[in-house]
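Colleague: This one is upload02.cif, mmCIF, C-alpha atoms, pLDDT in the B column; chains and numbers go by the auth columns.
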data_coords
#
loop_
_atom_site.group_PDB
_atom_site.id
_atom_site.type_symbol
_atom_site.label_atom_id
_atom_site.label_comp_id
_atom_site.label_asym_id
_atom_site.label_seq_id
_atom_site.Cartn_x
_atom_site.Cartn_y
_atom_site.Cartn_z
_atom_site.B_iso_or_equiv
_atom_site.auth_seq_id
_atom_site.auth_asym_id
ATOM 1 C CA MET A 1 121.007 148.016 125.729 75.00 1 A
ATOM 2 C CA GLN A 2 118.974 151.181 126.141 79.00 2 A
ATOM 3 C CA ILE A 3 115.384 151.782 125.086 81.00 3 A
ATOM 4 C CA ASP A 4 114.100 155.340 124.854 84.00 4 A
ATOM 5 C CA ILE A 5 110.609 155.939 126.223 85.00 5 A
ATOM 6 C CA ASP A 6 108.667 159.118 126.864 83.00 6 A
ATOM 7 C CA PHE A 7 107.827 160.403 130.333 81.00 7 A
ATOM 8 C CA GLU A 8 104.199 159.200 130.275 78.00 8 A
ATOM 9 C CA VAL A 9 105.329 155.616 129.557 82.00 9 A
ATOM 10 C CA PHE A 10 108.001 155.873 132.282 82.00 10 A
ATOM 11 C CA LYS A 11 105.363 157.026 134.802 78.00 11 A
ATOM 12 C CA MET A 12 103.038 154.181 133.846 77.00 12 A
ATOM 13 C CA LEU A 13 105.793 151.565 134.148 82.00 13 A
ATOM 14 C CA THR A 14 106.898 153.029 137.479 79.00 14 A
ATOM 15 C CA ASN A 15 103.319 152.865 138.775 75.00 15 A
ATOM 16 C CA LEU A 16 103.136 149.195 137.761 75.00 16 A
ATOM 17 C CA ARG A 17 106.167 148.248 139.871 77.00 17 A
ATOM 18 C CA VAL A 18 105.109 146.266 142.925 74.00 18 A
ATOM 19 C CA SER A 19 108.169 147.191 144.990 76.00 19 A
ATOM 20 C CA GLU A 20 111.512 148.975 144.636 77.00 20 A
ATOM 21 C CA SER A 21 113.154 145.659 143.772 81.00 21 A
ATOM 22 C CA ASP A 22 110.682 145.039 140.915 80.00 22 A
ATOM 23 C CA SER A 23 112.541 145.803 137.688 84.00 23 A
ATOM 24 C CA TYR A 24 111.086 147.598 134.687 83.00 24 A
ATOM 25 C CA ASN A 25 111.937 144.488 132.670 85.00 25 A
ATOM 26 C CA ALA A 26 109.770 142.398 135.022 83.00 26 A
ATOM 27 C CA VAL A 27 106.895 144.878 134.618 80.00 27 A
ATOM 28 C CA ILE A 28 107.121 144.742 130.835 83.00 28 A
ATOM 29 C CA ARG A 29 107.374 140.931 130.875 82.00 29 A
ATOM 30 C CA ARG A 30 104.126 140.798 132.896 79.00 30 A
ATOM 31 C CA LEU A 31 102.389 143.225 130.531 78.00 31 A
ATOM 32 C CA LEU A 32 103.464 141.163 127.528 78.00 32 A
ATOM 33 C CA ASP A 33 102.500 137.928 129.309 72.00 33 A
ATOM 34 C CA LEU A 34 106.001 136.514 128.776 78.00 34 A
ATOM 35 C CA PRO A 35 107.297 133.631 130.868 78.00 35 A
ATOM 36 C CA ASN A 36 109.454 134.464 133.862 71.00 36 A
ATOM 37 C CA ALA A 37 113.089 135.039 133.053 68.00 37 A
ATOM 38 C CA SER A 38 115.726 133.115 134.976 54.00 38 A
ATOM 39 C CA ALA A 39 117.045 136.341 136.422 47.00 39 A
ATOM 40 C CA PRO A 40 117.389 137.728 139.959 48.00 40 A
ATOM 41 C CA HIS A 41 113.767 138.919 139.855 45.00 41 A
ATOM 42 C CA ALA A 42 112.291 135.594 138.703 42.00 42 A
ATOM 43 C CA ALA A 43 111.215 134.715 142.254 43.00 43 A
ATOM 44 C CA LEU A 44 109.574 138.121 142.600 44.00 44 A
ATOM 45 C CA ASP A 45 107.759 137.603 139.292 41.00 45 A
ATOM 46 C CA ASP A 46 106.305 134.308 140.565 43.00 46 A
ATOM 47 C CA SER A 47 104.788 136.083 143.550 41.00 47 A
ATOM 48 C CA ILE A 48 103.110 138.841 141.517 39.00 48 A
ATOM 49 C CA PRO A 49 99.730 138.105 139.942 40.00 49 A
ATOM 50 C CA LYS A 50 99.718 138.334 136.158 38.00 50 A
ATOM 51 C CA VAL A 51 98.101 141.399 134.620 37.00 51 A
ATOM 52 C CA VAL A 52 96.889 139.361 131.696 32.00 52 A
ATOM 53 C CA THR A 53 96.005 135.737 131.202 30.00 53 A
ATOM 54 C CA GLY A 54 95.403 135.995 127.475 36.00 54 A
ATOM 55 C CA GLY A 55 98.031 138.475 126.302 40.00 55 A
ATOM 56 C CA LEU A 56 97.777 142.155 125.525 41.00 56 A
ATOM 57 C CA ASN A 57 94.416 141.930 123.787 40.00 57 A
ATOM 58 C CA ALA A 58 92.779 140.681 126.962 41.00 58 A
ATOM 59 C CA LEU A 59 94.338 143.519 128.927 40.00 59 A
ATOM 60 C CA ALA A 60 93.442 146.175 126.404 42.00 60 A
ATOM 61 C CA ASN A 61 89.837 144.973 126.235 43.00 61 A
ATOM 62 C CA SER A 62 89.473 144.880 129.990 42.00 62 A
ATOM 63 C CA GLY A 63 88.552 147.870 132.054 45.00 63 A
ATOM 64 C CA PRO A 64 90.833 149.515 134.599 45.00 64 A
ATOM 65 C CA GLU A 65 89.057 147.663 137.413 44.00 65 A
ATOM 66 C CA ARG A 66 90.001 144.282 135.931 43.00 66 A
ATOM 67 C CA VAL A 67 93.597 145.413 135.454 42.00 67 A
ATOM 68 C CA ARG A 68 93.687 146.564 139.100 41.00 68 A
ATOM 69 C CA ARG A 69 92.301 143.200 140.285 43.00 69 A
ATOM 70 C CA GLY A 70 94.808 141.344 138.079 44.00 70 A
ATOM 71 C CA LEU A 71 97.671 143.205 139.696 43.00 71 A
ATOM 72 C CA PHE A 72 96.513 143.240 143.307 42.00 72 A
ATOM 73 C CA GLY A 73 93.683 140.751 143.719 44.00 73 A
ATOM 74 C CA SER A 74 90.182 141.635 144.914 45.00 74 A
ATOM 75 C CA ALA A 75 91.482 143.794 147.787 44.00 75 A
ATOM 76 C CA ALA A 76 93.037 146.328 145.429 42.00 76 A
ATOM 77 C CA PRO A 77 92.624 149.959 146.435 43.00 77 A
ATOM 78 C CA ARG A 78 90.470 151.941 144.006 44.00 78 A
ATOM 79 C CA ASN A 79 93.380 154.122 142.884 42.00 79 A
ATOM 80 C CA ALA A 80 96.066 151.406 142.819 43.00 80 A
ATOM 81 C CA LEU A 81 98.538 151.696 139.962 41.00 81 A
ATOM 82 C CA LEU A 82 96.217 153.331 137.493 42.00 82 A
ATOM 83 C CA PRO A 83 95.981 156.968 138.514 38.00 83 A
ATOM 84 C CA ASP A 84 94.838 158.121 135.098 40.00 84 A
ATOM 85 C CA GLU A 85 92.694 155.076 134.174 41.00 85 A
ATOM 86 C CA SER A 86 94.421 154.813 130.777 47.00 86 A
ATOM 87 C CA LEU A 87 96.494 151.619 130.773 52.00 87 A
ATOM 88 C CA GLY A 88 94.079 149.673 128.573 51.00 88 A
ATOM 89 C CA GLY A 89 93.799 152.556 126.129 53.00 89 A
ATOM 90 C CA LEU A 90 97.557 153.102 126.079 55.00 90 A
ATOM 91 C CA LEU A 91 98.258 149.446 125.298 55.00 91 A
ATOM 92 C CA THR A 92 95.546 149.306 122.649 51.00 92 A
ATOM 93 C CA LYS A 93 96.946 152.409 120.994 53.00 93 A
ATOM 94 C CA TYR A 94 100.487 151.061 120.743 56.00 94 A
ATOM 95 C CA MET A 95 99.814 147.432 119.944 63.00 95 A
ATOM 96 C CA ASN A 96 97.509 148.007 116.963 78.00 96 A
ATOM 97 C CA GLY A 97 99.162 149.661 114.026 86.00 97 A
ATOM 98 C CA VAL A 98 102.644 150.119 112.650 87.00 98 A
ATOM 99 C CA TRP A 99 105.740 152.194 113.365 85.00 99 A
ATOM 100 C CA PHE A 100 107.569 154.038 110.599 86.00 100 A
ATOM 101 C CA GLY A 101 110.656 155.803 111.877 81.00 101 A
ATOM 102 C CA ASN A 102 109.728 156.825 115.401 78.00 102 A
ATOM 103 C CA VAL A 103 106.101 157.601 114.556 86.00 103 A
ATOM 104 C CA HIS A 104 103.257 155.234 115.412 86.00 104 A
ATOM 105 C CA PHE A 105 100.345 154.941 112.972 91.00 105 A
ATOM 106 C CA PRO A 106 97.353 153.139 114.509 90.00 106 A
ATOM 107 C CA ASN A 107 95.095 150.913 112.451 92.00 107 A
ATOM 108 C CA GLY A 108 92.648 153.096 110.540 94.00 108 A
ATOM 109 C CA THR A 109 95.200 155.816 109.744 96.00 109 A
ATOM 110 C CA LYS A 110 94.512 157.091 106.217 97.00 110 A
ATOM 111 C CA PHE A 111 96.978 158.463 103.658 98.00 111 A
ATOM 112 C CA ARG A 112 96.478 160.290 100.388 98.00 112 A
ATOM 113 C CA ALA A 113 98.672 161.806 97.726 97.00 113 A
ATOM 114 C CA THR A 114 98.200 163.382 94.342 97.00 114 A
ATOM 115 C CA TYR A 115 100.643 162.462 91.588 96.00 115 A
ATOM 116 C CA LYS A 116 100.292 163.646 87.976 96.00 116 A
ATOM 117 C CA GLY A 117 96.688 164.687 88.635 96.00 117 A
ATOM 118 C CA GLN A 118 95.626 161.345 90.086 97.00 118 A
ATOM 119 C CA THR A 119 94.798 160.840 93.779 97.00 119 A
ATOM 120 C CA PHE A 120 96.160 157.773 95.521 97.00 120 A
ATOM 121 C CA SER A 121 95.186 156.465 98.928 97.00 121 A
ATOM 122 C CA ALA A 122 96.343 153.973 101.525 97.00 122 A
ATOM 123 C CA GLU A 123 95.397 152.905 105.038 97.00 123 A
ATOM 124 C CA ILE A 124 96.968 151.109 107.980 96.00 124 A
ATOM 125 C CA ILE A 125 95.102 147.807 108.205 94.00 125 A
ATOM 126 C CA GLN A 126 96.071 145.107 110.702 89.00 126 A
ATOM 127 C CA GLY A 127 99.459 146.711 111.264 89.00 127 A
ATOM 128 C CA GLN A 128 100.338 147.086 107.578 92.00 128 A
ATOM 129 C CA TRP A 129 100.401 149.915 105.049 95.00 129 A
ATOM 130 C CA VAL A 130 97.860 148.816 102.429 96.00 130 A
ATOM 131 C CA GLY A 131 97.339 150.804 99.248 96.00 131 A
ATOM 132 C CA ALA A 132 94.026 151.172 97.402 94.00 132 A
ATOM 133 C CA ASP A 133 95.344 148.445 95.086 93.00 133 A
ATOM 134 C CA GLY A 134 95.328 146.048 98.059 95.00 134 A
ATOM 135 C CA LYS A 135 99.115 145.648 98.106 96.00 135 A
ATOM 136 C CA ALA A 136 101.027 145.962 101.361 95.00 136 A
ATOM 137 C CA ARG A 137 104.079 148.228 101.383 95.00 137 A
ATOM 138 C CA ARG A 138 107.064 148.385 103.748 93.00 138 A
ATOM 139 C CA SER A 139 107.109 152.167 104.204 94.00 139 A
ATOM 140 C CA PRO A 140 105.676 155.470 102.977 96.00 140 A
ATOM 141 C CA SER A 141 108.639 155.778 100.593 96.00 141 A
ATOM 142 C CA ASP A 142 108.094 152.255 99.247 96.00 142 A
ATOM 143 C CA ALA A 143 104.450 153.138 98.549 97.00 143 A
ATOM 144 C CA ALA A 144 105.359 156.478 96.918 97.00 144 A
ATOM 145 C CA SER A 145 108.029 154.832 94.765 96.00 145 A
ATOM 146 C CA ALA A 146 105.544 152.206 93.582 96.00 146 A
ATOM 147 C CA ILE A 147 103.271 155.009 92.359 96.00 147 A
ATOM 148 C CA SER A 148 105.920 157.219 90.767 96.00 148 A
ATOM 149 C CA ASN A 149 108.306 154.498 89.540 96.00 149 A
ATOM 150 C CA THR A 150 111.213 156.493 90.956 96.00 150 A
ATOM 151 C CA ASN A 151 112.905 157.047 94.314 95.00 151 A
ATOM 152 C CA VAL A 152 110.656 159.310 96.386 93.00 152 A
ATOM 153 C CA ASN A 153 110.762 160.540 99.958 95.00 153 A
ATOM 154 C CA GLY A 154 107.426 159.167 101.142 96.00 154 A
ATOM 155 C CA TRP A 155 107.393 161.473 104.164 96.00 155 A
ATOM 156 C CA ARG A 156 107.091 164.437 101.759 96.00 156 A
ATOM 157 C CA PHE A 157 104.840 162.652 99.264 97.00 157 A
ATOM 158 C CA TRP A 158 101.923 161.671 101.512 98.00 158 A
ATOM 159 C CA TYR A 159 99.317 163.450 103.600 98.00 159 A
ATOM 160 C CA VAL A 160 97.991 161.660 106.681 97.00 160 A
ATOM 161 C CA GLN A 161 94.731 161.621 108.627 97.00 161 A
ATOM 162 C CA MET A 162 94.949 159.939 112.015 94.00 162 A
ATOM 163 C CA PRO A 163 91.874 158.081 113.351 92.00 163 A
ATOM 164 C CA GLY A 164 89.467 160.423 115.100 90.00 164 A
ATOM 165 C CA ASP A 165 91.153 163.532 113.652 92.00 165 A
ATOM 166 C CA PRO A 166 89.429 165.217 110.684 94.00 166 A
ATOM 167 C CA THR A 167 92.622 167.111 109.775 94.00 167 A
ATOM 168 C CA TRP A 168 94.872 166.060 106.913 97.00 168 A
ATOM 169 C CA ARG A 169 98.516 167.074 107.353 96.00 169 A
ATOM 170 C CA LYS A 170 101.801 166.477 105.578 96.00 170 A
ATOM 171 C CA LEU A 171 103.296 163.231 106.779 95.00 171 A
ATOM 172 C CA ASP A 172 106.708 164.775 107.423 92.00 172 A
ATOM 173 C CA GLU A 173 105.141 167.127 110.018 92.00 173 A
ATOM 174 C CA LEU A 174 104.808 164.103 112.317 88.00 174 A
ATOM 175 C CA LYS A 175 108.555 163.417 112.330 82.00 175 A
ATOM 176 C CA GLN A 176 109.390 166.742 113.968 67.00 176 A
#
Translate the structure of the given file into structure tokens.
Modeller:
Amino acid sequence: MQIDIDFEVFKMLTNLRVSESDSYNAVIRRLLDLPNASAPHAALDDSIPKVVTGGLNALANSGPERVRRGLFGSAAPRNALLPDESLGGLLTKYMNGVWFGNVHFPNGTKFRATYKGQTFSAEIIQGQWVGADGKARRSPSDAASAISNTNVNGWRFWYVQMPGDPTWRKLDELKQ
């Protein structure tokens, strides 16, 4: 099995490895607070302090200093593992929201579309696409089809406004 990740994620995972024999799988298992696998690195996993004791939310809500202590104990060097101080923010960004295609939409992402002179809106709430009617939809196309009562490419139908960005853009621009 192969999982594609971008370079920034690769760098972060590499920085979280405790030694050369620490696998990326072991790093991810620690980040997700999963039990140790019965694999060659299980003994290594037992010797590495957990990053999180309460799952990803605890990690994301903790500051970089707490993450550093969780990985290394109180004697952690100031710059250990977190050179850009963004692990908590990175995890928060990718654990809250929803993925459509290969695009992540964080909670609070807003959508709008005009169809037959009427404006429709939706928002990502608790990891779901929720229309102004309060109904959850499976995808942008599902939401567009519910409005138009026909098959519609939702990526061309909707405009999107990401949290913290005042700009509205065509949804299909994000797929490129």
Colleague: Could you list, as a VMD selection string, every residue matched by the PyMOL selection byres ((chain A and resi 97-107) around 12) in this structure?
Modeller: chain A and resid 4 to 6 90 to 96 108 to 111 122 to 130 137 to 142 154 to 155 160 to 164 171 to 176
Colleague: To one decimal place, how far is atom CA of A:Thr119 from atom CA of A:Ala143 in Å?
Modeller: 13.2 Å
Colleague: I'd like the contact shell of A:Asp133 - 10 Å cut-off, all atoms listed in the file, skipping same-chain residues fewer than 2 positions apart - returned as a PyMOL selection string.
Modeller: chain A and resi 120-122+130-131+135-136
Colleague: Got time to write the residues from that selection, C-alpha atoms, as a PDB file, in the frame of the given file?
Modeller:
ATOM      1  CA  PHE A 120      96.160 157.773  95.521  1.00 97.00           C
ATOM      2  CA  SER A 121      95.186 156.465  98.928  1.00 97.00           C
ATOM      3  CA  ALA A 122      96.343 153.973 101.525  1.00 97.00           C
ATOM      4  CA  VAL A 130      97.860 148.816 102.429  1.00 96.00           C
ATOM      5  CA  GLY A 131      97.339 150.804  99.248  1.00 96.00           C
ATOM      6  CA  LYS A 135      99.115 145.648  98.106  1.00 96.00           C
ATOM      7  CA  ALA A 136     101.027 145.962 101.361  1.00 95.00           C
TER       8      ALA A 136
END
Colleague: Choose the residue, out of A:Tyr24, A:Asn151, A:Trp168, A:Ser19, that has the smallest atom-to-atom separation from A:Ile3; count only C-alpha atoms.
Modeller: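 Selected residue with least distance to A:Ile3: A:Tyr24.
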Colleague: Find the distance between atom CA of A:Ala132 and atom CA of A:Asp165 and write it in Å to one decimal.
Modeller: 20.6 Å
Colleague: Provide the atom CA of A:Arg112 to atom CA of A:Arg156 distance in Å, to one decimal place.
Modeller: 11.5 Å
Colleague: A:Gln118, A:Glu8, A:Gln2, A:Pro166: which is nearest A:Asn25, counting only C-alpha atoms?
Modeller: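 Under the stated criterion, the closest residue is A:Gln2.
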Colleague: So, with only C-alpha atoms as the atoms that count, which of A:Lys170, A:Arg17, A:Lys116, A:Lys11 lies closest to A:Arg29?
Modeller: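 Between A:Lys170, A:Arg17, A:Lys116, A:Lys11, the residue approaching A:Arg29 most closely is A:Arg17.
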Colleague: For stretch 101-115 of chain A, write all heavy atoms out as a tab-separated table (two decimals), in the first residue's frame.
Modeller:
chain	number	residue	atom	x	y	z
A	101	GLY	N	-12.62	14.76	-3.00
A	101	GLY	CA	-11.52	14.54	-3.93
A	101	GLY	C	-10.24	14.58	-3.11
A	101	GLY	O	-10.14	13.97	-2.07
A	102	ASN	N	-9.26	15.33	-3.57
A	102	ASN	CA	-8.02	15.47	-2.81
A	102	ASN	C	-7.89	16.87	-2.23
A	102	ASN	O	-6.80	17.36	-2.03
A	102	ASN	CB	-6.81	15.10	-3.67
A	102	ASN	CG	-6.65	16.04	-4.85
A	102	ASN	OD1	-7.53	16.83	-5.14
A	102	ASN	ND2	-5.53	15.94	-5.54
A	103	VAL	N	-9.02	17.50	-1.95
A	103	VAL	CA	-9.03	18.85	-1.39
A	103	VAL	C	-9.65	18.81	0.00
A	103	VAL	O	-10.72	18.22	0.19
A	103	VAL	CB	-9.82	19.83	-2.29
A	103	VAL	CG1	-9.81	21.23	-1.71
A	103	VAL	CG2	-9.27	19.84	-3.71
A	104	HIS	N	-8.96	19.40	0.96
A	104	HIS	CA	-9.46	19.46	2.33
A	104	HIS	C	-10.22	20.76	2.55
A	104	HIS	O	-9.73	21.84	2.21
A	104	HIS	CB	-8.31	19.37	3.33
A	104	HIS	CG	-8.77	19.41	4.74
A	104	HIS	ND1	-8.70	20.54	5.51
A	104	HIS	CD2	-9.34	18.45	5.52
A	104	HIS	CE1	-9.20	20.27	6.71
A	104	HIS	NE2	-9.58	19.01	6.73
A	105	PHE	N	-11.42	20.66	3.14
A	105	PHE	CA	-12.22	21.82	3.48
A	105	PHE	C	-12.40	21.84	4.99
A	105	PHE	O	-13.11	21.00	5.55
A	105	PHE	CB	-13.59	21.75	2.78
A	105	PHE	CG	-13.48	21.78	1.29
A	105	PHE	CD1	-13.52	20.60	0.56
A	105	PHE	CD2	-13.31	22.97	0.61
A	105	PHE	CE1	-13.40	20.61	-0.82
A	105	PHE	CE2	-13.20	23.00	-0.77
A	105	PHE	CZ	-13.23	21.81	-1.48
A	106	PRO	N	-11.72	22.76	5.68
A	106	PRO	CA	-11.84	22.81	7.14
A	106	PRO	C	-13.24	23.24	7.57
A	106	PRO	O	-13.98	23.86	6.80
A	106	PRO	CB	-10.81	23.86	7.56
A	106	PRO	CG	-10.28	24.48	6.33
A	106	PRO	CD	-10.82	23.76	5.15
A	107	ASN	N	-13.58	22.92	8.81
A	107	ASN	CA	-14.84	23.41	9.37
A	107	ASN	C	-14.87	24.93	9.21
A	107	ASN	O	-13.86	25.59	9.36
A	107	ASN	CB	-14.96	23.05	10.84
A	107	ASN	CG	-15.20	21.57	11.06
A	107	ASN	OD1	-15.73	20.88	10.19
A	107	ASN	ND2	-14.79	21.07	12.21
A	108	GLY	N	-16.04	25.45	8.88
A	108	GLY	CA	-16.18	26.90	8.68
A	108	GLY	C	-16.05	27.33	7.23
A	108	GLY	O	-16.29	28.49	6.91
A	109	THR	N	-15.67	26.40	6.34
A	109	THR	CA	-15.61	26.73	4.92
A	109	THR	C	-17.03	27.01	4.44
A	109	THR	O	-17.96	26.27	4.76
A	109	THR	CB	-15.01	25.57	4.10
A	109	THR	OG1	-13.70	25.30	4.58
A	109	THR	CG2	-14.95	25.92	2.62
A	110	LYS	N	-17.20	28.09	3.68
A	110	LYS	CA	-18.53	28.49	3.20
A	110	LYS	C	-18.61	28.28	1.68
A	110	LYS	O	-17.63	28.44	0.97
A	110	LYS	CB	-18.82	29.94	3.54
A	110	LYS	CG	-18.86	30.21	5.03
A	110	LYS	CD	-19.18	31.66	5.32
A	110	LYS	CE	-19.13	32.03	6.76
A	110	LYS	NZ	-19.68	31.14	7.71
A	111	PHE	N	-19.81	27.97	1.22
A	111	PHE	CA	-20.08	27.76	-0.20
A	111	PHE	C	-21.31	28.56	-0.58
A	111	PHE	O	-22.22	28.74	0.23
A	111	PHE	CB	-20.34	26.27	-0.48
A	111	PHE	CG	-19.21	25.37	-0.08
A	111	PHE	CD1	-19.14	24.85	1.21
A	111	PHE	CD2	-18.21	25.05	-0.97
A	111	PHE	CE1	-18.09	24.03	1.60
A	111	PHE	CE2	-17.15	24.23	-0.60
A	111	PHE	CZ	-17.09	23.73	0.69
A	112	ARG	N	-21.34	29.02	-1.82
A	112	ARG	CA	-22.53	29.69	-2.33
A	112	ARG	C	-22.65	29.41	-3.82
A	112	ARG	O	-21.66	29.16	-4.51
A	112	ARG	CB	-22.51	31.18	-2.04
A	112	ARG	CG	-21.51	31.95	-2.86
A	112	ARG	CD	-21.59	33.44	-2.59
A	112	ARG	NE	-20.63	34.13	-3.43
A	112	ARG	CZ	-20.16	35.32	-3.21
A	112	ARG	NH1	-20.56	36.00	-2.16
A	112	ARG	NH2	-19.29	35.87	-4.03
A	113	ALA	N	-23.88	29.47	-4.28
A	113	ALA	CA	-24.17	29.27	-5.70
A	113	ALA	C	-25.47	29.98	-6.03
A	113	ALA	O	-26.35	30.13	-5.16
A	113	ALA	CB	-24.29	27.78	-6.02
A	114	THR	N	-25.57	30.43	-7.25
A	114	THR	CA	-26.81	31.03	-7.71
A	114	THR	C	-27.40	30.13	-8.79
A	114	THR	O	-26.71	29.75	-9.74
A	114	THR	CB	-26.57	32.44	-8.27
A	114	THR	OG1	-25.95	33.24	-7.25
A	114	THR	CG2	-27.86	33.10	-8.72
A	115	TYR	N	-28.66	29.78	-8.61
A	115	TYR	CA	-29.35	28.91	-9.57
A	115	TYR	C	-30.74	29.48	-9.81
A	115	TYR	O	-31.50	29.69	-8.85
A	115	TYR	CB	-29.42	27.48	-9.03
A	115	TYR	CG	-30.10	26.51	-9.96
A	115	TYR	CD1	-29.46	26.07	-11.11
A	115	TYR	CD2	-31.38	26.05	-9.69
A	115	TYR	CE1	-30.08	25.18	-11.97
A	115	TYR	CE2	-32.00	25.16	-10.54
A	115	TYR	CZ	-31.35	24.73	-11.67
A	115	TYR	OH	-31.98	23.85	-12.53
